[in-house]
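K.L.:
Just one file: protein-v1.cif, with mmCIF, C-alpha atoms.
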```
data_data
#
loop_
_atom_site.group_PDB
_atom_site.id
_atom_site.type_symbol
_atom_site.label_atom_id
_atom_site.label_comp_id
_atom_site.auth_asym_id
_atom_site.auth_seq_id
_atom_site.Cartn_x
_atom_site.Cartn_y
_atom_site.Cartn_z
ATOM 1 C CA MET A 1 207.144 130.873 81.851
ATOM 2 C CA LEU A 2 209.296 127.813 82.567
ATOM 3 C CA THR A 3 208.568 124.659 80.575
ATOM 4 C CA VAL A 4 208.855 121.236 82.198
ATOM 5 C CA ARG A 5 208.969 117.873 80.465
ATOM 6 C CA LYS A 6 206.768 115.603 82.546
ATOM 7 C CA PRO A 7 207.515 111.867 82.838
ATOM 8 C CA ALA A 8 206.071 109.879 79.957
ATOM 9 C CA VAL A 9 206.949 106.325 80.994
ATOM 10 C CA ALA A 10 206.767 106.378 84.797
ATOM 11 C CA ASN A 11 204.741 103.370 85.984
ATOM 12 C CA MET A 12 205.586 101.649 82.694
ATOM 13 C CA PHE A 13 209.373 101.468 82.366
ATOM 14 C CA TYR A 14 209.982 102.218 86.053
ATOM 15 C CA THR A 15 207.882 102.824 89.149
ATOM 16 C CA GLY A 16 206.329 106.248 89.619
ATOM 17 C CA ASP A 17 206.625 105.981 93.391
ATOM 18 C CA LYS A 18 209.579 108.044 94.637
ATOM 19 C CA GLU A 19 210.630 105.805 97.515
ATOM 20 C CA ARG A 20 210.291 102.583 95.532
ATOM 21 C CA LEU A 21 212.234 104.135 92.658
ATOM 22 C CA LEU A 22 215.049 105.209 94.971
ATOM 23 C CA TYR A 23 215.169 101.754 96.505
ATOM 24 C CA THR A 24 215.189 100.049 93.101
ATOM 25 C CA ILE A 25 218.025 102.150 91.680
ATOM 26 C CA LYS A 26 220.142 101.966 94.845
ATOM 27 C CA ASN A 27 219.668 98.210 94.918
ATOM 28 C CA TYR A 28 220.931 97.902 91.338
ATOM 29 C CA LEU A 29 223.874 100.213 92.096
ATOM 30 C CA ASN A 30 224.822 98.348 95.278
ATOM 31 C CA LYS A 31 225.133 95.125 93.286
ATOM 32 C CA ALA A 32 227.144 96.734 90.457
ATOM 33 C CA PRO A 33 230.970 96.629 90.517
ATOM 34 C CA LEU A 34 232.989 99.839 90.756
ATOM 35 C CA TYR A 35 236.114 99.990 88.594
ATOM 36 C CA ASP A 36 238.898 102.580 88.376
ATOM 37 C CA TYR A 37 237.768 104.156 85.112
ATOM 38 C CA VAL A 38 236.784 107.832 85.150
ATOM 39 C CA PRO A 39 234.134 108.074 82.422
ATOM 40 C CA GLU A 40 234.288 110.464 79.504
ATOM 41 C CA GLY A 41 231.297 108.648 78.055
ATOM 42 C CA ILE A 42 229.109 105.665 78.860
ATOM 43 C CA VAL A 43 226.690 103.533 76.872
ATOM 44 C CA VAL A 44 223.540 102.370 78.639
ATOM 45 C CA PRO A 45 220.391 100.425 77.704
ATOM 46 C CA HIS A 46 216.917 101.934 77.876
ATOM 47 C CA ALA A 47 214.417 99.140 78.481
ATOM 48 C CA GLY A 48 212.179 98.737 81.524
ATOM 49 C CA TYR A 49 214.244 98.720 84.700
ATOM 50 C CA MET A 50 213.321 95.123 85.559
ATOM 51 C CA TYR A 51 215.000 94.043 82.318
ATOM 52 C CA SER A 52 217.911 96.423 81.731
ATOM 53 C CA GLY A 53 218.302 98.192 85.080
ATOM 54 C CA PRO A 54 221.061 95.882 86.394
ATOM 55 C CA VAL A 55 223.127 96.458 83.232
ATOM 56 C CA ALA A 56 222.556 100.227 83.182
ATOM 57 C CA ALA A 57 223.580 100.410 86.838
ATOM 58 C CA VAL A 58 227.074 99.137 86.027
ATOM 59 C CA SER A 59 227.717 102.113 83.749
ATOM 60 C CA TYR A 60 226.174 104.570 86.184
ATOM 61 C CA LYS A 61 228.179 103.173 89.102
ATOM 62 C CA GLN A 62 231.339 104.438 87.369
ATOM 63 C CA LEU A 63 230.079 108.030 87.631
ATOM 64 C CA LEU A 64 230.963 107.740 91.310
ATOM 65 C CA ASN A 65 234.585 108.134 90.140
ATOM 66 C CA LEU A 66 233.825 111.721 89.089
ATOM 67 C CA ASP A 67 234.735 114.664 91.312
ATOM 68 C CA PRO A 68 231.845 114.944 93.817
ATOM 69 C CA ASN A 69 232.477 118.679 94.221
ATOM 70 C CA LYS A 70 232.117 119.601 90.552
ATOM 71 C CA HIS A 71 229.094 120.640 88.563
ATOM 72 C CA TYR A 72 228.682 118.350 85.550
ATOM 73 C CA LYS A 73 226.848 118.584 82.263
ATOM 74 C CA ILE A 74 225.403 115.307 81.003
ATOM 75 C CA LEU A 75 225.108 115.077 77.220
ATOM 76 C CA LEU A 76 222.185 112.660 76.747
ATOM 77 C CA ILE A 77 221.868 111.147 73.270
ATOM 78 C CA GLY A 78 219.291 108.584 72.186
ATOM 79 C CA PRO A 79 217.158 107.424 69.243
ATOM 80 C CA SER A 80 213.558 108.392 68.577
ATOM 81 C CA HIS A 81 211.159 105.453 68.833
ATOM 82 C CA HIS A 82 207.813 107.193 68.262
ATOM 83 C CA VAL A 83 208.344 110.132 65.904
ATOM 84 C CA TYR A 84 210.014 109.826 62.512
ATOM 85 C CA PHE A 85 211.985 112.921 61.530
ATOM 86 C CA ASN A 86 215.213 113.978 59.869
ATOM 87 C CA GLY A 87 217.870 115.497 62.078
ATOM 88 C CA VAL A 88 218.223 115.977 65.812
ATOM 89 C CA SER A 89 215.689 117.297 68.315
ATOM 90 C CA TYR A 90 216.661 119.176 71.448
ATOM 91 C CA GLY A 91 213.175 119.840 72.824
ATOM 92 C CA PHE A 92 213.359 123.308 74.321
ATOM 93 C CA TYR A 93 212.473 122.541 77.958
ATOM 94 C CA ASP A 94 213.765 124.318 81.055
ATOM 95 C CA TYR A 95 213.501 121.222 83.262
ATOM 96 C CA TRP A 96 212.922 117.500 83.013
ATOM 97 C CA GLU A 97 210.851 116.036 85.820
ATOM 98 C CA THR A 98 210.946 112.516 87.242
ATOM 99 C CA PRO A 99 209.464 111.077 90.450
ATOM 100 C CA LEU A 100 212.779 112.087 92.072
ATOM 101 C CA GLY A 101 212.368 115.782 91.217
ATOM 102 C CA LYS A 102 213.360 118.228 88.494
ATOM 103 C CA VAL A 103 216.642 118.411 86.559
ATOM 104 C CA LYS A 104 217.789 121.626 84.916
ATOM 105 C CA VAL A 105 218.335 121.701 81.165
ATOM 106 C CA ASN A 106 221.230 123.785 79.864
ATOM 107 C CA LYS A 107 219.284 125.917 77.373
ATOM 108 C CA GLU A 108 221.979 128.593 77.327
ATOM 109 C CA ALA A 109 224.448 126.210 75.666
ATOM 110 C CA ILE A 110 221.901 125.364 72.987
ATOM 111 C CA ILE A 111 221.162 129.011 72.248
ATOM 112 C CA LYS A 112 224.894 129.627 71.853
ATOM 113 C CA PHE A 113 225.215 126.583 69.580
ATOM 114 C CA LEU A 114 222.343 127.686 67.340
ATOM 115 C CA LYS A 115 223.805 131.153 66.980
ATOM 116 C CA GLU A 116 227.150 129.711 65.907
ATOM 117 C CA TYR A 117 225.680 127.014 63.611
ATOM 118 C CA PRO A 118 222.307 128.275 62.332
ATOM 119 C CA ASP A 119 222.232 125.719 59.487
ATOM 120 C CA PHE A 120 222.788 122.685 61.710
ATOM 121 C CA PRO A 121 219.948 120.098 61.400
ATOM 122 C CA LEU A 122 218.729 120.715 64.947
ATOM 123 C CA THR A 123 215.091 121.351 65.852
ATOM 124 C CA LEU A 124 213.731 122.699 69.134
ATOM 125 C CA ASN A 125 210.495 120.799 68.493
ATOM 126 C CA THR A 126 209.382 119.015 71.663
ATOM 127 C CA LEU A 127 207.290 116.397 69.822
ATOM 128 C CA PRO A 128 210.041 113.736 69.502
ATOM 129 C CA HIS A 129 210.660 114.042 73.262
ATOM 130 C CA GLN A 130 207.110 113.891 74.578
ATOM 131 C CA ARG A 131 206.675 110.092 74.570
ATOM 132 C CA GLU A 132 210.320 109.084 74.183
ATOM 133 C CA HIS A 133 211.749 106.694 76.771
ATOM 134 C CA SER A 134 215.363 106.369 75.574
ATOM 135 C CA LEU A 135 216.475 109.460 77.502
ATOM 136 C CA GLU A 136 213.852 109.598 80.230
ATOM 137 C CA VAL A 137 214.859 106.296 81.824
ATOM 138 C CA GLN A 138 218.421 107.596 82.234
ATOM 139 C CA VAL A 139 217.510 110.636 84.323
ATOM 140 C CA PRO A 140 216.541 108.893 87.598
ATOM 141 C CA PHE A 141 219.863 107.014 87.595
ATOM 142 C CA LEU A 142 221.677 110.329 87.153
ATOM 143 C CA GLN A 143 219.691 111.865 89.997
ATOM 144 C CA VAL A 144 220.849 109.112 92.342
ATOM 145 C CA VAL A 145 224.563 109.021 91.437
ATOM 146 C CA LEU A 146 225.277 112.735 90.862
ATOM 147 C CA LYS A 147 224.867 115.613 93.301
ATOM 148 C CA ASP A 148 225.187 118.582 90.957
ATOM 149 C CA PHE A 149 224.418 118.301 87.253
ATOM 150 C CA GLU A 150 222.320 119.540 84.363
ATOM 151 C CA ILE A 151 221.426 117.847 81.109
ATOM 152 C CA LEU A 152 221.732 118.454 77.375
ATOM 153 C CA PRO A 153 219.109 116.053 75.942
ATOM 154 C CA PHE A 154 219.236 115.168 72.241
ATOM 155 C CA VAL A 155 216.965 112.708 70.437
ATOM 156 C CA TYR A 156 217.928 111.884 66.864
ATOM 157 C CA GLY A 157 215.854 110.658 63.955
ATOM 158 C CA ASP A 158 217.078 109.736 60.487
ATOM 159 C CA ILE A 159 220.583 111.165 60.602
ATOM 160 C CA ASP A 160 224.168 110.251 59.814
ATOM 161 C CA SER A 161 226.421 109.481 62.772
ATOM 162 C CA SER A 162 228.750 112.307 61.739
ATOM 163 C CA ILE A 163 226.041 114.800 62.738
ATOM 164 C CA VAL A 164 225.787 113.280 66.203
ATOM 165 C CA GLU A 165 229.577 113.181 66.428
ATOM 166 C CA ASN A 166 229.600 116.919 65.727
ATOM 167 C CA ILE A 167 227.270 117.437 68.678
ATOM 168 C CA ILE A 168 229.595 115.463 70.945
ATOM 169 C CA GLU A 169 232.591 117.358 69.586
ATOM 170 C CA TYR A 170 230.974 120.713 70.310
ATOM 171 C CA PHE A 171 229.596 120.099 73.797
ATOM 172 C CA LYS A 172 232.139 117.674 75.270
ATOM 173 C CA ASP A 173 234.610 119.238 77.700
ATOM 174 C CA ASN A 174 236.209 118.270 81.008
ATOM 175 C CA ASP A 175 232.956 118.946 82.848
ATOM 176 C CA THR A 176 230.745 117.004 80.432
ATOM 177 C CA VAL A 177 230.018 113.272 80.356
ATOM 178 C CA VAL A 178 228.373 111.700 77.312
ATOM 179 C CA VAL A 179 225.564 109.195 77.869
ATOM 180 C CA ILE A 180 224.661 107.159 74.770
ATOM 181 C CA SER A 181 221.342 105.340 75.065
ATOM 182 C CA THR A 182 220.854 102.136 73.102
ATOM 183 C CA ASP A 183 219.616 98.594 73.388
ATOM 184 C CA LEU A 184 221.277 95.942 71.231
ATOM 185 C CA SER A 185 219.636 93.185 69.154
ATOM 186 C CA HIS A 186 215.880 92.651 69.406
ATOM 187 C CA TYR A 187 213.716 89.514 69.569
ATOM 188 C CA TYR A 188 216.072 86.731 68.597
ATOM 189 C CA PRO A 189 216.601 83.488 70.500
ATOM 190 C CA ASP A 190 219.237 84.114 73.160
ATOM 191 C CA ASN A 191 222.102 82.279 71.441
ATOM 192 C CA ILE A 192 221.574 84.159 68.166
ATOM 193 C CA ALA A 193 221.242 87.502 69.957
ATOM 194 C CA ARG A 194 224.606 86.962 71.624
ATOM 195 C CA GLU A 195 226.265 86.273 68.280
ATOM 196 C CA ILE A 196 224.845 89.453 66.772
ATOM 197 C CA ASP A 197 225.667 91.573 69.826
ATOM 198 C CA ARG A 198 229.267 90.351 69.679
ATOM 199 C CA TYR A 199 229.765 92.732 66.743
ATOM 200 C CA CYS A 200 228.618 95.659 68.880
ATOM 201 C CA HIS A 201 231.121 94.615 71.558
ATOM 202 C CA LEU A 202 233.951 94.381 69.021
ATOM 203 C CA ALA A 203 233.141 97.825 67.632
ATOM 204 C CA VAL A 204 233.520 99.281 71.116
ATOM 205 C CA LEU A 205 236.559 97.266 72.183
ATOM 206 C CA GLU A 206 238.516 97.946 69.010
ATOM 207 C CA LEU A 207 237.050 101.430 68.399
ATOM 208 C CA ASN A 208 236.190 100.234 64.918
ATOM 209 C CA GLU A 209 232.814 101.298 63.589
ATOM 210 C CA ASN A 210 233.083 98.818 60.688
ATOM 211 C CA TYR A 211 231.876 96.069 63.033
ATOM 212 C CA LEU A 212 228.629 97.999 63.459
ATOM 213 C CA LYS A 213 227.511 96.839 60.013
ATOM 214 C CA ASN A 214 226.505 93.587 61.725
ATOM 215 C CA CYS A 215 225.388 95.180 65.011
ATOM 216 C CA GLU A 216 221.625 95.654 65.337
ATOM 217 C CA ALA A 217 221.528 98.245 68.112
ATOM 218 C CA CYS A 218 218.519 100.569 67.901
ATOM 219 C CA GLY A 219 220.808 103.431 68.936
ATOM 220 C CA LYS A 220 223.584 102.452 66.547
ATOM 221 C CA VAL A 221 223.928 106.005 65.203
ATOM 222 C CA GLY A 222 224.733 107.343 68.660
ATOM 223 C CA LEU A 223 227.040 104.427 69.413
ATOM 224 C CA GLU A 224 228.917 104.953 66.160
ATOM 225 C CA ALA A 225 229.266 108.676 66.877
ATOM 226 C CA MET A 226 230.763 107.941 70.298
ATOM 227 C CA ILE A 227 233.188 105.389 68.861
ATOM 228 C CA LYS A 228 234.349 107.897 66.236
ATOM 229 C CA TYR A 229 234.769 110.587 68.882
ATOM 230 C CA ALA A 230 236.691 108.215 71.160
ATOM 231 C CA LYS A 231 239.030 107.199 68.347
ATOM 232 C CA ARG A 232 239.637 110.816 67.374
ATOM 233 C CA HIS A 233 240.489 111.806 70.934
ATOM 234 C CA GLY A 234 242.519 108.770 71.955
ATOM 235 C CA LEU A 235 240.061 107.416 74.500
ATOM 236 C CA LYS A 236 240.085 103.826 75.715
ATOM 237 C CA SER A 237 237.033 101.582 75.969
ATOM 238 C CA LYS A 238 235.759 98.625 77.978
ATOM 239 C CA ILE A 239 232.740 96.356 78.098
ATOM 240 C CA LEU A 240 231.473 96.652 81.661
ATOM 241 C CA ASP A 241 228.514 94.299 81.449
ATOM 242 C CA TYR A 242 226.299 92.460 79.000
ATOM 243 C CA LYS A 243 223.067 90.591 79.529
ATOM 244 C CA THR A 244 219.975 89.750 77.575
ATOM 245 C CA SER A 245 216.398 90.054 78.749
ATOM 246 C CA GLY A 246 216.549 86.294 79.135
ATOM 247 C CA ASP A 247 219.036 86.741 81.966
ATOM 248 C CA THR A 248 216.867 89.286 83.748
ATOM 249 C CA GLY A 249 213.360 88.230 82.717
ATOM 250 C CA GLY A 250 213.733 84.475 82.332
ATOM 251 C CA ASP A 251 212.455 84.010 78.769
ATOM 252 C CA TYR A 252 215.313 83.047 76.458
ATOM 253 C CA SER A 253 213.164 82.348 73.380
ATOM 254 C CA SER A 254 212.996 85.994 72.224
ATOM 255 C CA VAL A 255 215.349 88.448 73.880
ATOM 256 C CA VAL A 256 216.720 91.979 73.740
ATOM 257 C CA GLY A 257 220.424 92.570 74.290
ATOM 258 C CA TYR A 258 221.737 95.115 76.809
ATOM 259 C CA GLY A 259 225.307 96.411 76.865
ATOM 260 C CA SER A 260 227.124 98.579 79.366
ATOM 261 C CA TYR A 261 230.223 100.240 77.867
ATOM 262 C CA ILE A 262 232.609 102.942 79.052
ATOM 263 C CA PHE A 263 235.004 105.323 77.293
ATOM 264 C CA TYR A 264 237.809 106.827 79.366
ATOM 265 C CA LYS A 265 241.237 108.464 79.122
#
```
Take the structure from the file and write it as structure tokens.
P.N.:
Amino acid sequence: MLTVRKPAVANMFYTGDKERLLYTIKNYLNKAPLYDYVPEGIVVPHAGYMYSGPVAAVSYKQLLNLDPNKHYKILLIGPSHHVYFNGVSYGFYDYWETPLGKVKVNKEAIIKFLKEYPDFPLTLNTLPHQREHSLEVQVPFLQVVLKDFEILPFVYGDIDSSIVENIIEYFKDNDTVVVISTDLSHYYPDNIAREIDRYCHLAVLELNENYLKNCEACGKVGLEAMIKYAKRHGLKSKILDYKTSGDTGGDYSSVVGYGSYIFYK
């Protein structure tokens, strides 16, 4: 019997209406710039679309530089917000469903991984995934920009970035794009948030995880893992966009920061 992860945050973080969702995402993408970078990995925010959608769209727009005739694997990595646990959770689903349809999960790759590394701190427990938004909000964007893809969804709990880096190292190949989900600083006045988020930007631009000591990203573990991987493999990096929820929602007194970053050859 096939297992399907049903949407947990439709009609909360994004509309549950298929046509409105398509319109919303395409509108964000149409306004986003397209650069020449072919992504090996991107970093995207995970708030409600009305707040972080315009920033996320800039990263996802760059996936249009991928070969439209290839089948891609998307390595989705994000933090757990609702369930505290040690390690990484895969959540052994066959499909993830959104208002735009179902997306296949590459379970075969996970089975192979577990056979090769039986002691790796990876659980197939679906509990961390059931209410988690950090990965779910990424899937509709992927459904709009990519024709042929499947996902490898990982949610991490209390874990060192080296563990997440090992996951990237194992699954990343020429047909795989890494998507790191994270928001930046939370609930500071806008001017202070921008000062704090500057350290996240520097970590990415200089591929130097030491700056992350002063970065307050909720998905800092995943971001650090991607920076380490990029440095190890000689990738380049750019800041594509940055806004706060003040820019998109209008209230600058207490904001959340949103960054769009890309890693490329």
K.L.:
Rank nothing, just name the residue among A:Ser253, A:Thr176, A:Ser59, A:Ser134 nearest to Lys73 (chain A), using all atoms listed in the file.
P.N.:
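The shortest atom-to-atom distance to Lys73 (chain A) comes from A:Thr176.
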K.L.:
I'd like the contact shell of region 164-167 of chain A - 9 Å cut-off, all atoms listed in the file, skipping same-chain residues fewer than 5 positions apart - returned as number ranges by chain.
P.N.:
A: 77, 88, 156, 159, 172, 221-222, 224-229
K.L.:
So what do you get for CA of Leu142 (chain A) versus CA of Glu206 (chain A), distance-wise?
P.N.:
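That distance, rounded to one decimal, is 27.7 Å.
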K.L.:
For Pro140 (chain A), list every protein, DNA or RNA residue within 9 Å, evaluated using only C-alpha atoms, and leave out those in the same chain fewer than 4 positions away; present the list as a ChimeraX atom specification.
P.N.:
/A:21-22,25,98-101,136,144-145
K.L.:
With distances taken over only C-alpha atoms, which residue among A:Leu205, A:Glu216, A:Asn174, A:Asn210 lies nearest Ile239 (chain A)?
P.N.:
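Of A:Leu205, A:Glu216, A:Asn174, A:Asn210, the one nearest Ile239 (chain A) is A:Leu205, counting only C-alpha atoms.
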K.L.:
Convert the output of the PyMOL selection byres ((chain A and resi 215) around 10) on the shown file into explicit residues, formatted as a PyMOL selection string.
P.N.:
chain A and resi 184-185+195-203+209-214+216-218+220
K.L.:
Just want the 10 Å neighbourhood of Pro7 (chain A), counted on only C-alpha atoms, with same-chain residues fewer than 6 positions away dropped. Output as a list in words.
P.N.:
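Here the answer would be Gly16, Trp96, Glu97, Thr98, Pro99, Gln130, Arg131, Glu132, His133, Glu136 and Val137 of chain A.
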K.L.:
Between A:Thr3, A:Asn65, A:Ser254, A:Ser162, which is the closest to Lys104 (chain A) once you count only C-alpha atoms?
P.N.:
A:Thr3
K.L.:
I'd like to know which of A:Glu108, A:Val177, A:Arg232, A:Leu66 is closest to Asp36 (chain A), using all atoms listed in the file.
P.N.:
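Of A:Glu108, A:Val177, A:Arg232, A:Leu66, the one nearest Asp36 (chain A), counting all atoms listed in the file, is A:Leu66.
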K.L.:
List the spatial neighbours of region 124-129 of chain A as a VMD selection string - criterion: any atom at most 9 Å away, all atoms listed in the file, same-chain residues fewer than 5 positions off excluded.
P.N.:
chain A and resid 5 80 to 85 88 to 93 135 to 136 154 to 157
K.L.:
Using CA of Phe13 (chain A) and CA of Gln138 (chain A) as the two end points, give the distance in Å to one decimal.
P.N.:
10.9 Å
K.L.:
Ranking A:Gly219, A:Gly249, A:Val55, A:Ile74 by minimum distance to Gln143 (chain A) and counting all atoms listed in the file, which one comes first?
P.N.:
A:Ile74
K.L.:
Choose the residue, out of A:Gly87, A:Gly41, A:Pro54, A:Pro118, that has the smallest atom-to-atom separation from Phe263 (chain A); count all atoms listed in the file.
P.N.:
A:Gly41
K.L.:
When the PyMOL selection byres ((chain A and resi 56) around 12) is applied to the structure above, which residues does it catch, written out as a PDB file with C-alpha atoms, in the coordinates of the input?
P.N.:
```pdb
ATOM      1  CA  ILE A  25     218.025 102.150  91.680  1.00  0.00           C
ATOM      2  CA  TYR A  28     220.931  97.902  91.338  1.00  0.00           C
ATOM      3  CA  LEU A  29     223.874 100.213  92.096  1.00  0.00           C
ATOM      4  CA  LYS A  31     225.133  95.125  93.286  1.00  0.00           C
ATOM      5  CA  ALA A  32     227.144  96.734  90.457  1.00  0.00           C
ATOM      6  CA  PRO A  33     230.970  96.629  90.517  1.00  0.00           C
ATOM      7  CA  ILE A  42     229.109 105.665  78.860  1.00  0.00           C
ATOM      8  CA  VAL A  43     226.690 103.533  76.872  1.00  0.00           C
ATOM      9  CA  VAL A  44     223.540 102.370  78.639  1.00  0.00           C
ATOM     10  CA  PRO A  45     220.391 100.425  77.704  1.00  0.00           C
ATOM     11  CA  HIS A  46     216.917 101.934  77.876  1.00  0.00           C
ATOM     12  CA  ALA A  47     214.417  99.140  78.481  1.00  0.00           C
ATOM     13  CA  GLY A  48     212.179  98.737  81.524  1.00  0.00           C
ATOM     14  CA  TYR A  49     214.244  98.720  84.700  1.00  0.00           C
ATOM     15  CA  MET A  50     213.321  95.123  85.559  1.00  0.00           C
ATOM     16  CA  TYR A  51     215.000  94.043  82.318  1.00  0.00           C
ATOM     17  CA  SER A  52     217.911  96.423  81.731  1.00  0.00           C
ATOM     18  CA  GLY A  53     218.302  98.192  85.080  1.00  0.00           C
ATOM     19  CA  PRO A  54     221.061  95.882  86.394  1.00  0.00           C
ATOM     20  CA  VAL A  55     223.127  96.458  83.232  1.00  0.00           C
ATOM     21  CA  ALA A  57     223.580 100.410  86.838  1.00  0.00           C
ATOM     22  CA  VAL A  58     227.074  99.137  86.027  1.00  0.00           C
ATOM     23  CA  SER A  59     227.717 102.113  83.749  1.00  0.00           C
ATOM     24  CA  TYR A  60     226.174 104.570  86.184  1.00  0.00           C
ATOM     25  CA  LYS A  61     228.179 103.173  89.102  1.00  0.00           C
ATOM     26  CA  GLN A  62     231.339 104.438  87.369  1.00  0.00           C
ATOM     27  CA  LEU A  63     230.079 108.030  87.631  1.00  0.00           C
ATOM     28  CA  VAL A 137     214.859 106.296  81.824  1.00  0.00           C
ATOM     29  CA  GLN A 138     218.421 107.596  82.234  1.00  0.00           C
ATOM     30  CA  VAL A 139     217.510 110.636  84.323  1.00  0.00           C
ATOM     31  CA  PRO A 140     216.541 108.893  87.598  1.00  0.00           C
ATOM     32  CA  PHE A 141     219.863 107.014  87.595  1.00  0.00           C
ATOM     33  CA  LEU A 142     221.677 110.329  87.153  1.00  0.00           C
ATOM     34  CA  VAL A 179     225.564 109.195  77.869  1.00  0.00           C
ATOM     35  CA  ILE A 180     224.661 107.159  74.770  1.00  0.00           C
ATOM     36  CA  SER A 181     221.342 105.340  75.065  1.00  0.00           C
ATOM     37  CA  THR A 182     220.854 102.136  73.102  1.00  0.00           C
ATOM     38  CA  ASP A 183     219.616  98.594  73.388  1.00  0.00           C
ATOM     39  CA  LEU A 240     231.473  96.652  81.661  1.00  0.00           C
ATOM     40  CA  ASP A 241     228.514  94.299  81.449  1.00  0.00           C
ATOM     41  CA  TYR A 242     226.299  92.460  79.000  1.00  0.00           C
ATOM     42  CA  LYS A 243     223.067  90.591  79.529  1.00  0.00           C
ATOM     43  CA  GLY A 257     220.424  92.570  74.290  1.00  0.00           C
ATOM     44  CA  TYR A 258     221.737  95.115  76.809  1.00  0.00           C
ATOM     45  CA  GLY A 259     225.307  96.411  76.865  1.00  0.00           C
ATOM     46  CA  SER A 260     227.124  98.579  79.366  1.00  0.00           C
ATOM     47  CA  TYR A 261     230.223 100.240  77.867  1.00  0.00           C
ATOM     48  CA  ILE A 262     232.609 102.942  79.052  1.00  0.00           C
TER      49      ILE A 262
END
```
K.L.:
With the input short on atoms, add N, CA and C atoms back to region 56-70 of chain A and write it as a PDB file, in the frame of the given file.
P.N.:
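Saved the output as out_29.pdb:
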```pdb
ATOM      1  N   ALA A  56     222.368  98.771  83.165  1.00  0.00           N
ATOM      2  CA  ALA A  56     222.556 100.227  83.182  1.00  0.00           C
ATOM      3  C   ALA A  56     223.289 100.660  84.442  1.00  0.00           C
ATOM      4  N   ALA A  57     222.982 100.020  85.557  1.00  0.00           N
ATOM      5  CA  ALA A  57     223.580 100.410  86.838  1.00  0.00           C
ATOM      6  C   ALA A  57     225.103 100.270  86.832  1.00  0.00           C
ATOM      7  N   VAL A  58     225.615  99.326  86.053  1.00  0.00           N
ATOM      8  CA  VAL A  58     227.074  99.137  86.027  1.00  0.00           C
ATOM      9  C   VAL A  58     227.756 100.347  85.396  1.00  0.00           C
ATOM     10  N   SER A  59     227.174 100.883  84.328  1.00  0.00           N
ATOM     11  CA  SER A  59     227.717 102.113  83.749  1.00  0.00           C
ATOM     12  C   SER A  59     227.583 103.283  84.718  1.00  0.00           C
ATOM     13  N   TYR A  60     226.393 103.420  85.305  1.00  0.00           N
ATOM     14  CA  TYR A  60     226.174 104.570  86.184  1.00  0.00           C
ATOM     15  C   TYR A  60     226.999 104.505  87.460  1.00  0.00           C
ATOM     16  N   LYS A  61     227.333 103.321  87.905  1.00  0.00           N
ATOM     17  CA  LYS A  61     228.179 103.173  89.102  1.00  0.00           C
ATOM     18  C   LYS A  61     229.530 103.858  88.887  1.00  0.00           C
ATOM     19  N   GLN A  62     230.023 103.866  87.650  1.00  0.00           N
ATOM     20  CA  GLN A  62     231.339 104.438  87.369  1.00  0.00           C
ATOM     21  C   GLN A  62     231.331 105.967  87.477  1.00  0.00           C
ATOM     22  N   LEU A  63     230.155 106.579  87.449  1.00  0.00           N
ATOM     23  CA  LEU A  63     230.079 108.030  87.631  1.00  0.00           C
ATOM     24  C   LEU A  63     230.456 108.434  89.053  1.00  0.00           C
ATOM     25  N   LEU A  64     230.495 107.457  89.953  1.00  0.00           N
ATOM     26  CA  LEU A  64     230.963 107.740  91.310  1.00  0.00           C
ATOM     27  C   LEU A  64     232.456 108.064  91.330  1.00  0.00           C
ATOM     28  N   ASN A  65     233.165 107.773  90.241  1.00  0.00           N
ATOM     29  CA  ASN A  65     234.585 108.134  90.140  1.00  0.00           C
ATOM     30  C   ASN A  65     234.791 109.593  89.749  1.00  0.00           C
ATOM     31  N   LEU A  66     233.718 110.297  89.416  1.00  0.00           N
ATOM     32  CA  LEU A  66     233.825 111.721  89.089  1.00  0.00           C
ATOM     33  C   LEU A  66     234.026 112.543  90.354  1.00  0.00           C
ATOM     34  N   ASP A  67     234.515 113.758  90.190  1.00  0.00           N
ATOM     35  CA  ASP A  67     234.735 114.664  91.312  1.00  0.00           C
ATOM     36  C   ASP A  67     233.393 115.039  91.945  1.00  0.00           C
ATOM     37  N   PRO A  68     233.152 114.676  93.205  1.00  0.00           N
ATOM     38  CA  PRO A  68     231.845 114.944  93.817  1.00  0.00           C
ATOM     39  C   PRO A  68     231.586 116.421  94.076  1.00  0.00           C
ATOM     40  N   ASN A  69     232.623 117.250  93.946  1.00  0.00           N
ATOM     41  CA  ASN A  69     232.477 118.679  94.221  1.00  0.00           C
ATOM     42  C   ASN A  69     232.286 119.523  92.963  1.00  0.00           C
ATOM     43  N   LYS A  70     232.257 118.866  91.803  1.00  0.00           N
ATOM     44  CA  LYS A  70     232.117 119.601  90.552  1.00  0.00           C
ATOM     45  C   LYS A  70     230.683 119.586  90.046  1.00  0.00           C
TER      46      LYS A  70
END
```
